[in-house]
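*Asks:* Let me give you the structure first, and then I'll get to my questions.
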Amino acid sequence: MESSTWNPPTLRTDRLVIRPFTASDFPALRAYAQAQSAAEYGSWLGGAGPADAARYLVDTIARYGRPPRADLAISFEGQLIGGVAYRQIWMSPPTMELGWVIHPAFTGKGLAREAVGALLGALFGRFAELQRVEARVRASDASGIRLLERLAFVREGSIRHERSEADGALLYGLLRSEWLK
Ligand SMILES: CC(C)(COP(=O)(O)OP(=O)(O)OC[C@H]1O[C@@H](n2cnc3c(N)ncnc32)[C@H](O)[C@@H]1OP(=O)(O)O)[C@@H](O)C(=O)NCCC(=O)NCCS
């Protein structure tokens, strides 16, 4: 994939602006990161403390424009409420994995679906070779499952967990042809 396609996009939907992070986003990033249960969802920041959030922000900004990953901020009514991320996980067929997080104070409004839907359109549009997008959700995350199925993702498998099936995750996939439909 051409390296210029990794420049972080700014996407606008009816209610959201999805854009690159800046250093001034730190307090808001920290707020939505802290609001998530690290034990329940795992920590995509690499830890739960302020230093972890700061390192995540610095690394994210420094990585812009370089494969294989980009993390973007979700802004709603001028306020940072969450993030989306994509990374290339497979070369052939070219495959991306995506993730999302929304501050709990802003869930239940369809904002995650709006953000993930916009990101999918942008990814299939920018990366002409992209064949497939994957996402993992916790088996207990009913809203995450609903979100993916509403966006035409197909459940492809279960990801086991040492503790119990309920602690496990589900793997979802979306092919380019399914997205275009
Ligand atoms: C982010 C998160 C809260 C969802 O965000 P959200 O903005 O509330 O999601 P939406 O409002 O777009 O809702 C998605 C769908 O789930 C439905 N939904 C919401 N809560 C639900 C529940 N408890 N049970 C079933 N469906 C539910 C919504 O009605 C919506 O469906 P619809 O479009 O048919 O109405 C949820 O996915 C989450 O907590 N994820 C944690 C982080 C994570 O694991 N990310 C995924 C992998 S990185």
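By convention in this document, the chains of the structure tokens carry letters A, B, ... by their order, each chain's residues are numbered from 1, and ligands are numbered from 1 in the order they are shown.
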Using only C-alpha atoms, determine which residues lie at most 8 Å from Arg138 of chain A, disregarding the query and same-chain residues fewer than 4 positions distant; provide the list as an mmCIF file with C-alpha atoms, in the first residue's frame.
*Replies:*
```cif
data_model
loop_
_atom_site.group_PDB
_atom_site.id
_atom_site.type_symbol
_atom_site.label_atom_id
_atom_site.label_comp_id
_atom_site.auth_asym_id
_atom_site.auth_seq_id
_atom_site.Cartn_x
_atom_site.Cartn_y
_atom_site.Cartn_z
ATOM 1 C CA TYR A 41 -11.713 -4.252 28.016
ATOM 2 C CA GLY A 144 -20.388 -3.770 19.968
ATOM 3 C CA ASP A 167 -14.757 -13.720 28.948
ATOM 4 C CA GLY A 168 -13.794 -14.596 25.392
ATOM 5 C CA ALA A 169 -14.168 -12.506 22.259
ATOM 6 C CA LEU A 170 -15.751 -12.820 18.837
#
```
*Asks:* Taking only C-alpha atoms and all ligand atoms into account, report as a PyMOL selection string which residues have an atom no farther than 9 Å from an atom of ligand 1.
*Replies:* chain A and resi 36-37+40-42+44+82+84-85+98-104+106-116+135-138+141-151
*Asks:* For the structure I just gave you, how does DSSP split segment 111-157 of chain A - specifically, which residues are helix (DSSP H, G or I)? Reply as a CSV table (one decimal) with C-alpha atoms, in the first residue's frame.
*Replies:*
```csv
chain,number,residue,atom,x,y,z
A,111,LEU,CA,-22.1,7.6,17.7
A,112,ALA,CA,-19.9,4.5,17.6
A,113,ARG,CA,-21.8,3.2,14.6
A,114,GLU,CA,-21.5,6.6,12.9
A,115,ALA,CA,-17.7,6.7,13.6
A,116,VAL,CA,-17.0,3.1,12.6
A,117,GLY,CA,-19.2,3.4,9.5
A,118,ALA,CA,-17.4,6.6,8.4
A,119,LEU,CA,-14.0,5.0,9.0
A,120,LEU,CA,-14.9,1.9,6.9
A,121,GLY,CA,-15.9,4.1,4.0
A,122,ALA,CA,-12.7,6.0,4.2
A,123,LEU,CA,-10.5,2.9,4.5
A,124,PHE,CA,-12.1,1.1,1.5
A,125,GLY,CA,-11.9,4.3,-0.4
A,126,ARG,CA,-8.3,5.2,0.3
A,142,ALA,CA,-23.9,-6.5,23.1
A,143,SER,CA,-23.7,-3.0,21.7
A,144,GLY,CA,-20.4,-3.8,20.0
A,145,ILE,CA,-21.8,-6.9,18.4
A,146,ARG,CA,-24.9,-5.0,17.2
A,147,LEU,CA,-22.8,-2.3,15.8
A,148,LEU,CA,-20.8,-4.7,13.7
A,149,GLU,CA,-23.7,-6.6,12.5
A,150,ARG,CA,-25.6,-3.4,11.5
```
*Asks:* Could you check how far atom CA of Ala139 of chain A sits from atom CA of Ala166 of chain A, in Å to one decimal?
*Replies:*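 Separation of atom CA of Ala139 of chain A and atom CA of Ala166 of chain A: 5.9 Å.
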*Asks:* What parts of chain A does DSSP call strand (DSSP E or B)? I'd like the answer as a ChimeraX atom specification.
*Replies:* /A:11-12,16-20,69-76,79-90,95-102,132-138,154-159,169-175
*Asks:* Hey, can you check how far atom CA of Ile89 of chain A sits from atom CA of Ala53 of chain A?
*Replies:*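 Atom CA of Ala53 of chain A lies at a distance of 23.5 Å from atom CA of Ile89 of chain A.
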*Asks:* Point out the residue among A:Met91, A:Arg176, A:Met96, A:Arg160 with the least atom-to-atom distance to Gln131 of chain A, counting only C-alpha atoms.
*Replies:*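 The shortest atom-to-atom distance to Gln131 of chain A comes from A:Arg176.
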*Asks:* Mind checking which residues fall within 9 Å of Trp6 of chain A, counting only C-alpha atoms, ignoring those fewer than 5 positions away in the same chain, and posting them as a ChimeraX atom specification?
*Replies:* /A:1,64-70,126-127
*Asks:* Between A:Ile81, A:Ile18, A:Ser164, A:Thr13, which one has atoms that come closest to Arg30 of chain A, using only C-alpha atoms?
*Replies:* A:Ile81
